[in-house]
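Structure data follow from final25.cif (mmCIF, C-alpha atoms and all ligand atoms):
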```cif
data_target
#
loop_
_atom_site.label_atom_id
_atom_site.label_comp_id
_atom_site.auth_asym_id
_atom_site.auth_seq_id
_atom_site.Cartn_x
_atom_site.Cartn_y
_atom_site.Cartn_z
CA MET A 1 0.00 0.00 0.00
CA LYS A 2 1.25 3.49 -0.86
CA TYR A 3 0.65 6.36 1.55
CA CYS A 4 0.92 10.12 1.27
CA LEU A 5 1.47 12.42 4.23
CA GLY A 6 -0.17 15.80 3.59
CA ILE A 7 0.83 18.98 5.44
CA GLU A 8 -1.35 22.11 5.46
CA SER A 9 -0.14 25.47 6.80
CA THR A 10 -1.44 28.31 4.60
CA ALA A 11 -3.08 30.30 7.40
CA HIS A 12 -4.40 29.64 10.91
CA THR A 13 -4.59 25.85 10.56
CA PHE A 14 -1.66 23.47 10.88
CA GLY A 15 -2.87 20.12 9.63
CA ALA A 16 -1.48 16.69 8.80
CA SER A 17 -3.19 13.75 7.15
CA VAL A 18 -2.40 10.32 5.76
CA VAL A 19 -4.20 9.30 2.57
CA THR A 20 -3.68 6.11 0.53
CA PHE A 21 -2.87 6.39 -3.16
CA SER A 22 -6.32 4.99 -3.90
CA GLY A 23 -7.92 7.90 -2.02
CA LYS A 24 -8.79 6.50 1.40
CA ILE A 25 -8.37 9.13 4.12
CA LEU A 26 -6.80 7.38 7.12
CA SER A 27 -6.32 10.41 9.35
CA ASN A 28 -7.03 14.15 9.27
CA VAL A 29 -5.55 16.02 12.24
CA LYS A 30 -5.43 19.78 12.80
CA ASP A 31 -4.49 22.38 15.36
CA ILE A 32 -5.91 25.86 14.80
CA PHE A 33 -4.36 29.12 15.98
CA THR A 34 -7.09 31.12 17.71
CA THR A 35 -7.46 34.46 19.40
CA LYS A 36 -10.51 35.83 21.17
CA LYS A 37 -10.73 38.93 19.01
CA GLY A 38 -9.85 37.42 15.64
CA GLY A 39 -7.23 38.81 13.33
CA MET A 40 -3.87 37.20 12.81
CA ILE A 41 -0.30 38.38 13.12
CA PRO A 42 1.53 36.09 10.67
CA ALA A 43 4.63 35.72 12.86
CA GLU A 44 2.48 34.64 15.84
CA VAL A 45 0.59 32.10 13.74
CA ALA A 46 3.89 30.76 12.40
CA ASP A 47 5.15 30.38 15.99
CA HIS A 48 2.01 28.40 16.78
CA HIS A 49 2.67 26.13 13.80
CA VAL A 50 6.29 25.58 14.87
CA ASN A 51 5.07 24.60 18.33
CA VAL A 52 2.41 22.12 17.20
CA CYS A 53 3.82 20.68 13.95
CA GLY A 54 5.65 17.75 15.55
CA ASP A 55 2.65 16.59 17.55
CA VAL A 56 0.13 17.07 14.73
CA ILE A 57 2.25 15.07 12.26
CA GLN A 58 2.89 12.31 14.79
CA LYS A 59 -0.81 12.09 15.59
CA ALA A 60 -1.70 11.86 11.90
CA LEU A 61 0.74 8.95 11.51
CA ASP A 62 -0.51 7.27 14.71
CA ASN A 63 -4.19 7.63 13.79
CA ALA A 64 -3.46 6.08 10.40
CA ARG A 65 -1.45 3.32 12.11
CA VAL A 66 1.61 3.92 9.94
CA SER A 67 5.11 5.23 10.58
CA LEU A 68 7.28 7.57 8.57
CA LYS A 69 9.02 4.65 6.85
CA ASP A 70 5.67 3.57 5.35
CA ILE A 71 5.18 6.95 3.65
CA THR A 72 5.79 7.04 -0.13
CA LEU A 73 5.08 10.73 -0.69
CA ILE A 74 4.94 13.98 1.27
CA SER A 75 2.70 16.76 -0.03
CA TYR A 76 2.69 20.29 1.39
CA SER A 77 0.70 23.43 0.65
CA ALA A 78 3.12 25.61 -1.31
CA SER A 79 0.69 28.44 -2.15
CA PRO A 80 -1.20 30.73 -1.70
CA GLY A 81 -1.16 31.89 1.92
CA LEU A 82 0.75 33.76 4.60
CA GLY A 83 4.50 33.50 3.89
CA PRO A 84 5.68 32.77 7.45
CA CYS A 85 3.01 30.07 7.86
CA LEU A 86 3.67 28.42 4.51
CA ARG A 87 7.36 28.32 5.37
CA VAL A 88 6.76 26.23 8.51
CA GLY A 89 4.85 23.57 6.58
CA ALA A 90 7.43 23.52 3.77
CA MET A 91 10.28 23.21 6.29
CA ALA A 92 8.60 20.30 8.06
CA ALA A 93 7.87 18.58 4.74
CA ARG A 94 11.41 19.10 3.46
CA SER A 95 13.05 17.82 6.64
CA LEU A 96 10.93 14.69 6.75
CA ALA A 97 11.53 14.06 3.04
CA VAL A 98 15.30 14.24 3.53
CA MET A 99 15.26 12.17 6.74
CA GLY A 100 13.18 9.40 5.23
CA SER A 101 14.34 9.69 1.58
CA ILE A 102 10.72 10.32 0.65
CA LYS A 103 9.40 11.91 -2.55
CA LEU A 104 8.09 15.44 -2.14
CA VAL A 105 5.51 17.56 -3.95
CA GLY A 106 4.11 21.08 -3.36
CA VAL A 107 0.48 21.90 -4.15
CA ASN A 108 -1.94 24.83 -4.54
CA HIS A 109 -4.32 25.13 -1.60
CA CYS A 110 -7.30 26.50 -3.61
CA ILE A 111 -7.16 23.68 -6.16
CA ALA A 112 -6.95 21.19 -3.28
CA HIS A 113 -10.36 22.44 -2.07
CA LEU A 114 -11.83 21.45 -5.45
CA GLU A 115 -10.02 18.13 -5.79
CA ILE A 116 -11.13 16.89 -2.36
CA GLY A 117 -14.70 17.51 -3.55
CA ARG A 118 -14.06 15.34 -6.61
CA LEU A 119 -12.57 12.61 -4.41
CA LEU A 120 -15.34 12.51 -1.83
CA THR A 121 -18.37 12.87 -4.09
CA LYS A 122 -19.41 11.56 -7.47
CA ALA A 123 -18.67 14.96 -9.02
CA LYS A 124 -16.50 14.60 -12.14
CA ASP A 125 -16.13 18.13 -13.42
CA PRO A 126 -17.66 20.50 -10.89
CA VAL A 127 -17.61 24.23 -10.44
CA LEU A 128 -16.19 25.12 -7.01
CA LEU A 129 -17.64 27.93 -4.95
CA TYR A 130 -14.72 28.57 -2.61
CA ALA A 131 -15.91 30.76 0.23
CA SER A 132 -13.46 31.03 3.11
CA GLY A 133 -12.09 33.75 5.34
CA ALA A 134 -9.53 35.17 2.94
CA ASN A 135 -10.79 33.72 -0.35
CA THR A 136 -13.97 34.06 -2.35
CA GLN A 137 -13.65 32.55 -5.81
CA VAL A 138 -15.69 30.61 -8.33
CA ILE A 139 -13.34 28.11 -9.95
CA ALA A 140 -13.78 25.64 -12.81
CA TYR A 141 -11.56 23.51 -15.02
CA GLU A 142 -11.12 24.64 -18.59
CA GLY A 143 -8.25 24.21 -21.06
CA LYS A 144 -5.75 22.49 -18.73
CA LYS A 145 -6.19 25.03 -15.97
CA TYR A 146 -8.41 25.75 -13.02
CA ARG A 147 -9.72 29.16 -13.96
CA ILE A 148 -11.25 31.78 -11.73
CA PHE A 149 -14.56 32.81 -13.26
CA GLY A 150 -15.57 35.18 -10.50
CA GLU A 151 -14.07 36.46 -7.29
CA THR A 152 -14.25 39.13 -4.64
CA LEU A 153 -12.90 42.52 -5.61
CA ASP A 154 -12.02 43.39 -2.03
CA MET A 155 -12.19 41.17 1.08
CA GLY A 156 -13.06 37.48 1.41
CA ILE A 157 -16.63 36.74 2.52
CA GLY A 158 -15.51 35.09 5.78
CA ASN A 159 -13.42 38.11 6.75
CA PHE A 160 -16.42 40.30 5.92
CA LEU A 161 -18.71 38.20 8.13
CA ASP A 162 -16.14 38.19 10.93
CA SER A 163 -15.80 41.98 10.82
CA PHE A 164 -19.59 42.46 10.81
CA ALA A 165 -19.86 40.10 13.78
CA ARG A 166 -17.18 42.12 15.56
CA ASP A 167 -19.21 45.32 14.98
CA LEU A 168 -22.21 43.55 16.54
CA GLY A 169 -20.08 42.38 19.46
CA LEU A 170 -20.61 38.71 18.66
CA GLY A 171 -16.99 37.57 18.97
CA PHE A 172 -14.80 35.48 16.68
CA PRO A 173 -15.25 33.54 14.43
CA GLY A 174 -18.35 35.44 13.41
CA GLY A 175 -19.78 33.23 10.66
CA PRO A 176 -21.35 30.57 12.92
CA LYS A 177 -22.71 33.21 15.34
CA ILE A 178 -24.34 35.14 12.49
CA GLU A 179 -25.86 31.89 11.21
CA GLU A 180 -27.38 31.16 14.61
CA LEU A 181 -28.92 34.64 15.01
CA ALA A 182 -30.10 34.71 11.39
CA ARG A 183 -32.38 31.74 12.11
CA LYS A 184 -34.42 33.99 14.39
CA GLY A 185 -34.68 36.86 11.87
CA LYS A 186 -37.65 37.22 9.56
CA LYS A 187 -37.70 40.75 8.23
CA LEU A 188 -35.49 41.43 5.22
CA ILE A 189 -33.75 44.80 5.49
CA ALA A 190 -32.71 46.23 2.11
CA LEU A 191 -28.90 46.19 1.83
CA PRO A 192 -26.49 47.11 -0.98
CA TYR A 193 -26.20 44.16 -3.37
CA SER A 194 -22.86 44.29 -5.08
CA VAL A 195 -22.34 42.03 -8.07
CA LYS A 196 -20.15 43.46 -10.81
CA GLY A 197 -20.16 41.19 -13.84
CA MET A 198 -18.83 37.91 -12.46
CA ASP A 199 -17.34 39.47 -9.35
CA VAL A 200 -18.64 40.46 -5.93
CA SER A 201 -17.57 43.05 -3.39
CA PHE A 202 -18.29 43.55 0.29
CA GLY A 203 -16.66 46.88 1.16
CA GLY A 204 -19.70 49.10 0.54
CA LEU A 205 -21.95 46.73 2.41
CA GLN A 206 -19.53 46.70 5.34
CA THR A 207 -19.71 50.49 5.67
CA ASN A 208 -23.49 50.50 5.25
CA LEU A 209 -23.89 47.88 7.98
CA ARG A 210 -21.54 49.68 10.34
CA ARG A 211 -23.83 52.72 10.16
CA LYS A 212 -26.89 50.59 10.73
CA VAL A 213 -25.32 48.94 13.79
CA GLU A 214 -24.30 52.32 15.21
CA SER A 215 -27.83 53.73 14.72
CA ARG A 216 -29.19 51.01 17.07
CA LYS A 217 -32.41 51.01 15.07
CA TYR A 218 -32.17 47.41 13.92
CA LYS A 219 -32.42 44.09 15.72
CA LYS A 220 -29.30 41.90 15.55
CA GLU A 221 -31.36 38.94 14.35
CA GLU A 222 -32.82 40.90 11.48
CA LEU A 223 -29.45 42.31 10.44
CA CYS A 224 -27.85 38.83 10.49
CA TYR A 225 -30.72 37.35 8.52
CA SER A 226 -30.59 40.12 5.93
CA VAL A 227 -26.81 39.97 5.62
CA GLN A 228 -26.89 36.23 4.95
CA GLU A 229 -29.72 36.51 2.43
CA THR A 230 -27.91 39.31 0.60
CA VAL A 231 -24.33 38.07 0.46
CA PHE A 232 -25.21 34.44 -0.21
CA ALA A 233 -27.52 35.51 -3.04
CA MET A 234 -24.57 37.43 -4.52
CA LEU A 235 -22.36 34.32 -4.34
CA ILE A 236 -25.01 32.05 -5.77
CA GLU A 237 -25.72 34.47 -8.62
CA VAL A 238 -22.11 34.52 -9.83
CA THR A 239 -21.79 30.78 -9.30
CA GLU A 240 -24.86 30.13 -11.42
CA ARG A 241 -23.54 32.39 -14.13
CA ALA A 242 -20.21 30.52 -14.14
CA MET A 243 -22.04 27.17 -14.37
CA ALA A 244 -24.09 28.45 -17.32
CA HIS A 245 -21.04 29.96 -19.04
CA CYS A 246 -18.95 26.77 -18.71
CA ASP A 247 -21.92 24.50 -19.26
CA LYS A 248 -21.19 22.52 -16.10
CA LYS A 249 -23.78 20.51 -14.23
CA GLU A 250 -22.08 19.95 -10.89
CA LEU A 251 -21.32 22.21 -7.97
CA VAL A 252 -19.00 21.62 -5.01
CA LEU A 253 -18.62 24.03 -2.10
CA GLY A 254 -15.40 24.71 -0.21
CA GLY A 255 -14.01 26.97 2.53
CA GLY A 256 -15.21 27.60 6.07
CA VAL A 257 -18.26 29.63 5.00
CA ALA A 258 -19.49 26.56 3.09
CA CYS A 259 -20.37 25.08 6.51
CA ASN A 260 -23.32 27.52 6.56
CA LYS A 261 -26.63 25.67 6.18
CA ARG A 262 -28.41 28.58 4.51
CA LEU A 263 -25.67 28.91 1.89
CA GLN A 264 -25.90 25.17 1.28
CA GLU A 265 -29.67 25.41 0.92
CA MET A 266 -29.44 28.26 -1.58
CA ALA A 267 -26.82 26.35 -3.56
CA ARG A 268 -29.06 23.27 -3.64
CA ILE A 269 -32.10 25.26 -4.81
CA MET A 270 -30.12 26.97 -7.57
CA CYS A 271 -28.73 23.63 -8.79
CA LYS A 272 -32.15 21.98 -8.72
CA ASP A 273 -33.58 24.81 -10.82
CA ARG A 274 -30.99 24.27 -13.51
CA LYS A 275 -31.05 20.47 -13.30
CA ALA A 276 -27.55 20.36 -11.88
CA THR A 277 -26.27 18.53 -8.79
CA CYS A 278 -24.96 20.21 -5.67
CA TYR A 279 -22.56 17.99 -3.75
CA LEU A 280 -22.04 18.65 -0.03
CA LEU A 281 -19.12 17.50 2.10
CA GLU A 282 -18.53 16.96 5.80
CA ASN A 283 -17.52 20.22 7.50
CA GLN A 284 -14.01 18.87 8.22
CA TYR A 285 -13.34 18.94 4.45
CA TYR A 286 -14.74 22.45 3.91
CA VAL A 287 -12.40 24.12 6.38
CA ASP A 288 -8.67 24.06 5.81
CA ASN A 289 -7.45 20.48 6.10
CA ALA A 290 -4.42 18.39 5.17
CA ALA A 291 -6.37 15.51 3.60
CA MET A 292 -7.02 17.67 0.54
CA ILE A 293 -3.32 18.57 0.38
CA ALA A 294 -2.35 14.88 0.51
CA TRP A 295 -4.87 13.97 -2.19
CA LEU A 296 -3.81 16.70 -4.62
CA GLY A 297 -0.18 15.68 -4.01
CA ILE A 298 -1.07 12.11 -4.98
CA LEU A 299 -2.74 13.30 -8.19
CA GLN A 300 0.27 15.42 -9.14
CA PHE A 301 2.76 12.67 -8.24
CA LYS A 302 0.88 10.10 -10.30
CA ALA A 303 1.06 12.59 -13.21
CA GLY A 304 4.86 12.59 -12.88
CA GLU A 305 5.46 15.60 -10.64
CA SER A 306 7.84 15.81 -7.70
CA VAL A 307 10.36 18.31 -6.37
CA GLN A 308 13.85 18.02 -4.91
CA PRO A 309 13.82 19.02 -1.21
CA GLU A 310 16.31 21.87 -1.75
CA LYS A 311 14.01 23.28 -4.45
CA ALA A 312 10.79 22.85 -2.50
CA ASP A 313 9.70 26.48 -2.35
CA ILE A 314 6.63 28.38 -1.30
CA ASP A 315 4.88 31.24 -3.08
CA PRO A 316 2.33 33.25 -1.09
CA TYR A 317 0.82 34.75 -4.25
CA THR A 318 0.44 31.99 -6.85
CA ARG A 319 -3.02 32.19 -8.34
CA THR A 320 -5.21 29.21 -9.11
CA ASP A 321 -4.84 29.78 -12.86
CA ASP A 322 -1.03 29.92 -12.68
CA VAL A 323 -0.96 26.15 -12.16
CA VAL A 324 -0.71 23.88 -15.22
CA VAL A 325 -2.90 20.85 -14.56
CA LYS A 326 -1.14 17.66 -15.61
CA TRP A 327 -3.37 15.22 -13.80
CA ARG A 328 -6.58 15.73 -15.79
P1 LIG A 401 -8.37 30.25 3.56
O1 LIG A 401 -6.96 30.33 4.08
O2 LIG A 401 -8.61 29.06 2.72
O3 LIG A 401 -8.86 31.53 2.97
P2 LIG A 401 -9.41 30.56 6.18
O4 LIG A 401 -8.05 30.55 6.78
O5 LIG A 401 -10.08 31.84 6.21
O6 LIG A 401 -9.32 29.94 4.77
P3 LIG A 401 -11.55 28.63 6.72
O7 LIG A 401 -11.48 27.66 7.82
O8 LIG A 401 -11.69 28.10 5.35
O9 LIG A 401 -10.27 29.50 6.97
O10 LIG A 401 -12.76 29.65 6.96
C1 LIG A 401 -12.91 30.44 8.10
C2 LIG A 401 -14.08 31.36 7.89
O11 LIG A 401 -15.30 30.61 7.80
C3 LIG A 401 -14.29 32.35 9.01
O12 LIG A 401 -14.39 33.63 8.46
C4 LIG A 401 -15.60 31.91 9.67
O13 LIG A 401 -16.35 32.97 10.19
C5 LIG A 401 -16.31 31.27 8.51
N1 LIG A 401 -17.33 30.30 8.92
C6 LIG A 401 -17.18 29.17 9.63
N2 LIG A 401 -18.37 28.59 9.88
C7 LIG A 401 -19.31 29.35 9.27
C8 LIG A 401 -20.73 29.30 9.17
N3 LIG A 401 -21.43 28.32 9.71
N4 LIG A 401 -21.35 30.28 8.49
C9 LIG A 401 -20.64 31.29 7.91
N5 LIG A 401 -19.32 31.41 8.00
C10 LIG A 401 -18.64 30.45 8.66
FE FE2 A 402 -8.83 27.20 2.47
#
```
Would you mind writing the file out in structure tokens?
Ligand code: ATP
Ligand code: FE2
Amino acid sequence: MKYCLGIESTAHTFGASVVTFSGKILSNVKDIFTTKKGGMIPAEVADHHVNVCGDVIQKALDNARVSLKDITLISYSASPGLGPCLRVGAMAARSLAVMGSIKLVGVNHCIAHLEIGRLLTKAKDPVLLYASGANTQVIAYEGKKYRIFGETLDMGIGNFLDSFARDLGLGFPGGPKIEELARKGKKLIALPYSVKGMDVSFGGLQTNLRRKVESRKYKKEELCYSVQETVFAMLIEVTERAMAHCDKKELVLGGGVACNKRLQEMARIMCKDRKATCYLLENQYYVDNAAMIAWLGILQFKAGESVQPEKADIDPYTRTDDVVVKWR
């Protein structure tokens, strides 16, 4: 049996996972840097990753009942993300690869979110709505690349939700708290709806909401409900347009915001209307995880890719469509 050890460290999550070459996930361990107020100082997050990386990797091996000498391939997230955090994962991967004479491969985190959806569902050629803290993109495969058909023009939707929750005094992370309150809201307050072509933006809405919160004229429940209805409709609109444009009949969600039940419901309704299928995953595979890093590494390795440890770099800014896809 061939095993891949995946290492994820693009942002707040340090994760490790063992996946077999046939796609069975044997372990998926993570340790998340948290603060009460939210926000991240990259150097502090990197320190966290340095402190936990040994234990997380050991636990991933233990849970999978394998040892380092059983590992055929190590895959690490090489891009995009916070430089200091990426560097910790790459260092760990490189050291283990040298110690164990193990093959090494670096992968793109955003593409991994899509590929884990293809592994875990019957989806063959889906559009990915990737909605996380820092990222908001609609991605699909076309002409040997994963192309971005729509994206945020300013902040990621998760960061927007977190900042709105902070204004309301709900604490961090804000997404789940907004979801909970939104269930009690019924009245839809008109809010700026910002779709520009295939892209979305949240900046104007953020300012508008800040004023509404300060005015104290609105109930928290109603604001949360209206925010969700508005921003999720924006995401679903651009996703639907991308599906129509690419003529694709499958949708996969990814990123922490994809855990939201109302977003999932809206995605399902949109897909049903256009006779497409919306595939949902377990929450552990929406949020940042190392299983998806391991699986994409396996796909790339099987397609003939690997990197020498001394050349195993990171790049905080590589875009999804910079990657040439050799495995499809
Ligand atoms: P990436 O590095 O891929 O951009 P990330 O580091 O921001 O991701 P994720 O774990 O993918 O991390 O997503 C975190 C975000 O998801 C936070 O902004 C959080 O508020 C949001 N979130 C989590 N659960 C929910 C939910 N149920 N509803 C809405 N938002 C949610
Ligand atoms: Fe992510």
Could you tell me which of A:Met198, A:Cys110, A:Cys246, A:Val105 comes closest to ligand LIG 401 (chain A) if we count only C-alpha atoms and all ligand atoms?
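Going through A:Met198, A:Cys110, A:Cys246, A:Val105 one by one, the smallest distance to ligand LIG 401 (chain A) is for A:Cys110.
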Selection: 7 Å around stretch 278-293 of chain A, all atoms listed in the file, excl. self and same-chain fewer than 4 positions, as a PDB file with C-alpha atoms, in the frame of the given file:
```pdb
ATOM      1  CA  GLY A   6      -0.170  15.800   3.590  1.00  0.00           C
ATOM      2  CA  ILE A   7       0.830  18.980   5.440  1.00  0.00           C
ATOM      3  CA  GLU A   8      -1.350  22.110   5.460  1.00  0.00           C
ATOM      4  CA  THR A  13      -4.590  25.850  10.560  1.00  0.00           C
ATOM      5  CA  GLY A  15      -2.870  20.120   9.630  1.00  0.00           C
ATOM      6  CA  ALA A  16      -1.480  16.690   8.800  1.00  0.00           C
ATOM      7  CA  SER A  17      -3.190  13.750   7.150  1.00  0.00           C
ATOM      8  CA  VAL A  18      -2.400  10.320   5.760  1.00  0.00           C
ATOM      9  CA  VAL A  19      -4.200   9.300   2.570  1.00  0.00           C
ATOM     10  CA  ILE A  25      -8.370   9.130   4.120  1.00  0.00           C
ATOM     11  CA  ASN A  28      -7.030  14.150   9.270  1.00  0.00           C
ATOM     12  CA  SER A  75       2.700  16.760  -0.030  1.00  0.00           C
ATOM     13  CA  TYR A  76       2.690  20.290   1.390  1.00  0.00           C
ATOM     14  CA  SER A  77       0.700  23.430   0.650  1.00  0.00           C
ATOM     15  CA  VAL A 107       0.480  21.900  -4.150  1.00  0.00           C
ATOM     16  CA  HIS A 109      -4.320  25.130  -1.600  1.00  0.00           C
ATOM     17  CA  ALA A 112      -6.950  21.190  -3.280  1.00  0.00           C
ATOM     18  CA  HIS A 113     -10.360  22.440  -2.070  1.00  0.00           C
ATOM     19  CA  ILE A 116     -11.130  16.890  -2.360  1.00  0.00           C
ATOM     20  CA  THR A 121     -18.370  12.870  -4.090  1.00  0.00           C
ATOM     21  CA  GLU A 250     -22.080  19.950 -10.890  1.00  0.00           C
ATOM     22  CA  LEU A 251     -21.320  22.210  -7.970  1.00  0.00           C
ATOM     23  CA  VAL A 252     -19.000  21.620  -5.010  1.00  0.00           C
ATOM     24  CA  LEU A 253     -18.620  24.030  -2.100  1.00  0.00           C
ATOM     25  CA  GLY A 254     -15.400  24.710  -0.210  1.00  0.00           C
ATOM     26  CA  GLY A 255     -14.010  26.970   2.530  1.00  0.00           C
ATOM     27  CA  GLY A 256     -15.210  27.600   6.070  1.00  0.00           C
ATOM     28  CA  ALA A 258     -19.490  26.560   3.090  1.00  0.00           C
ATOM     29  CA  CYS A 259     -20.370  25.080   6.510  1.00  0.00           C
ATOM     30  CA  ALA A 267     -26.820  26.350  -3.560  1.00  0.00           C
ATOM     31  CA  ARG A 268     -29.060  23.270  -3.640  1.00  0.00           C
ATOM     32  CA  CYS A 271     -28.730  23.630  -8.790  1.00  0.00           C
ATOM     33  CA  GLY A 297      -0.180  15.680  -4.010  1.00  0.00           C
TER      34      GLY A 297
END
```
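Straight-line separation from atom CA of A:Thr207 to atom CA of A:Ser194: 12.8 Å.
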A:Arg87: which residues within 9 Å, counting only C-alpha atoms, same-chain residues fewer than 5 positions away excluded, as a ChimeraX atom specification?
/A:9-10,46,78,82,92,313-314
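Of note, atom C8 of ligand LIG 401 (chain A) and atom CA of A:Val50 are spaced 27.9 Å apart.
Counting only C-alpha atoms, the residue from A:Arg94, A:Lys275, A:Lys144, A:Lys212 that sits nearest to A:Asp321 is A:Lys144.
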What does the distance from atom CA of A:Lys59 to atom CA of A:Ser27 come to in Å, to one decimal?
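Computing the Euclidean distance for atom CA of A:Lys59 and atom CA of A:Ser27 yields 8.5 Å.
With only C-alpha atoms as the atoms that count, the minimum distance from A:His12 to the choices A:Lys24, A:Gly133, A:Arg118, A:Leu61 is reached by A:Gly133.
The shortest atom-to-atom distance to A:Cys4, with only C-alpha atoms taken into account, belongs to A:Ala294 out of A:Ala131, A:Leu235, A:Ala140, A:Ala294.
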Quick one: of A:Glu179, A:Asp199, A:Asp273, A:Glu44, who's nearest to ligand LIG 401 (chain A), counting all atoms listed in the file?
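Smallest distance to ligand LIG 401 (chain A) is found for A:Glu179.
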Do a neighbour search on A:Gly81 at 8 Å with only C-alpha atoms, toss out local chain neighbours closer than 5 positions, and write the hits as a VMD selection string.
chain A and resid 10 to 11 86 315 to 317
Would you mind listing what lies within 10 Å of A:Lys184 as an mmCIF file with C-alpha atoms, in the frame of the given file, with all atoms listed in the file counted and same-chain residues fewer than 5 positions away left out?
```
data_model
loop_
_atom_site.group_PDB
_atom_site.id
_atom_site.type_symbol
_atom_site.label_atom_id
_atom_site.label_comp_id
_atom_site.auth_asym_id
_atom_site.auth_seq_id
_atom_site.Cartn_x
_atom_site.Cartn_y
_atom_site.Cartn_z
ATOM 1 C CA GLU A 179 -25.860 31.890 11.210
ATOM 2 C CA LYS A 220 -29.300 41.900 15.550
ATOM 3 C CA GLU A 221 -31.360 38.940 14.350
ATOM 4 C CA GLU A 222 -32.820 40.900 11.480
ATOM 5 C CA CYS A 224 -27.850 38.830 10.490
ATOM 6 C CA TYR A 225 -30.720 37.350 8.520
#
```
If you count all atoms listed in the file, which residues fall within 12 Å of A:Val127, apart from same-chain ones fewer than 3 positions away, as a PyMOL selection string?
chain A and resi 111+113-115+117-118+123-124+130+137-142+146-150+236+238-254+267+271+276-279
Using 5 Å of padding on each side, determine the axis-aligned box around all atoms of ligand LIG 401 (chain A) present in the file and give its centre and edge lengths in Å to one decimal, as lines of an AutoDock Vina configuration file.
```
center_x = -14.2
center_y = 30.6
center_z = 6.5
size_x = 24.5
size_y = 16.0
size_z = 17.5
```
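Distance check against ligand FE2 402 (chain A) using all atoms listed in the file: of A:Gln308, A:Ser132, A:Asn63, A:Asn208, the minimum falls on A:Ser132.
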May I have the protein, DNA and RNA residues with any atom at most 7 Å from the point (-27.4, 29.6, -0.3), counting all atoms listed in the file, written as a ChimeraX atom specification?
/A:232-233,236,262-267
Take the point (-28.9, 40.4, -3.7) as written in the file and pick out every residue within 10 Å of it, counting only C-alpha atoms; give the list as a PDB file with C-alpha atoms, in the frame of the given file.
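File written: selection08.pdb
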```pdb
ATOM      1  CA  ALA A 190     -32.710  46.230   2.110  1.00  0.00           C
ATOM      2  CA  LEU A 191     -28.900  46.190   1.830  1.00  0.00           C
ATOM      3  CA  PRO A 192     -26.490  47.110  -0.980  1.00  0.00           C
ATOM      4  CA  TYR A 193     -26.200  44.160  -3.370  1.00  0.00           C
ATOM      5  CA  SER A 194     -22.860  44.290  -5.080  1.00  0.00           C
ATOM      6  CA  VAL A 195     -22.340  42.030  -8.070  1.00  0.00           C
ATOM      7  CA  SER A 226     -30.590  40.120   5.930  1.00  0.00           C
ATOM      8  CA  VAL A 227     -26.810  39.970   5.620  1.00  0.00           C
ATOM      9  CA  GLN A 228     -26.890  36.230   4.950  1.00  0.00           C
ATOM     10  CA  GLU A 229     -29.720  36.510   2.430  1.00  0.00           C
ATOM     11  CA  THR A 230     -27.910  39.310   0.600  1.00  0.00           C
ATOM     12  CA  VAL A 231     -24.330  38.070   0.460  1.00  0.00           C
ATOM     13  CA  PHE A 232     -25.210  34.440  -0.210  1.00  0.00           C
ATOM     14  CA  ALA A 233     -27.520  35.510  -3.040  1.00  0.00           C
ATOM     15  CA  MET A 234     -24.570  37.430  -4.520  1.00  0.00           C
ATOM     16  CA  LEU A 235     -22.360  34.320  -4.340  1.00  0.00           C
ATOM     17  CA  ILE A 236     -25.010  32.050  -5.770  1.00  0.00           C
ATOM     18  CA  GLU A 237     -25.720  34.470  -8.620  1.00  0.00           C
TER      19      GLU A 237
END
```
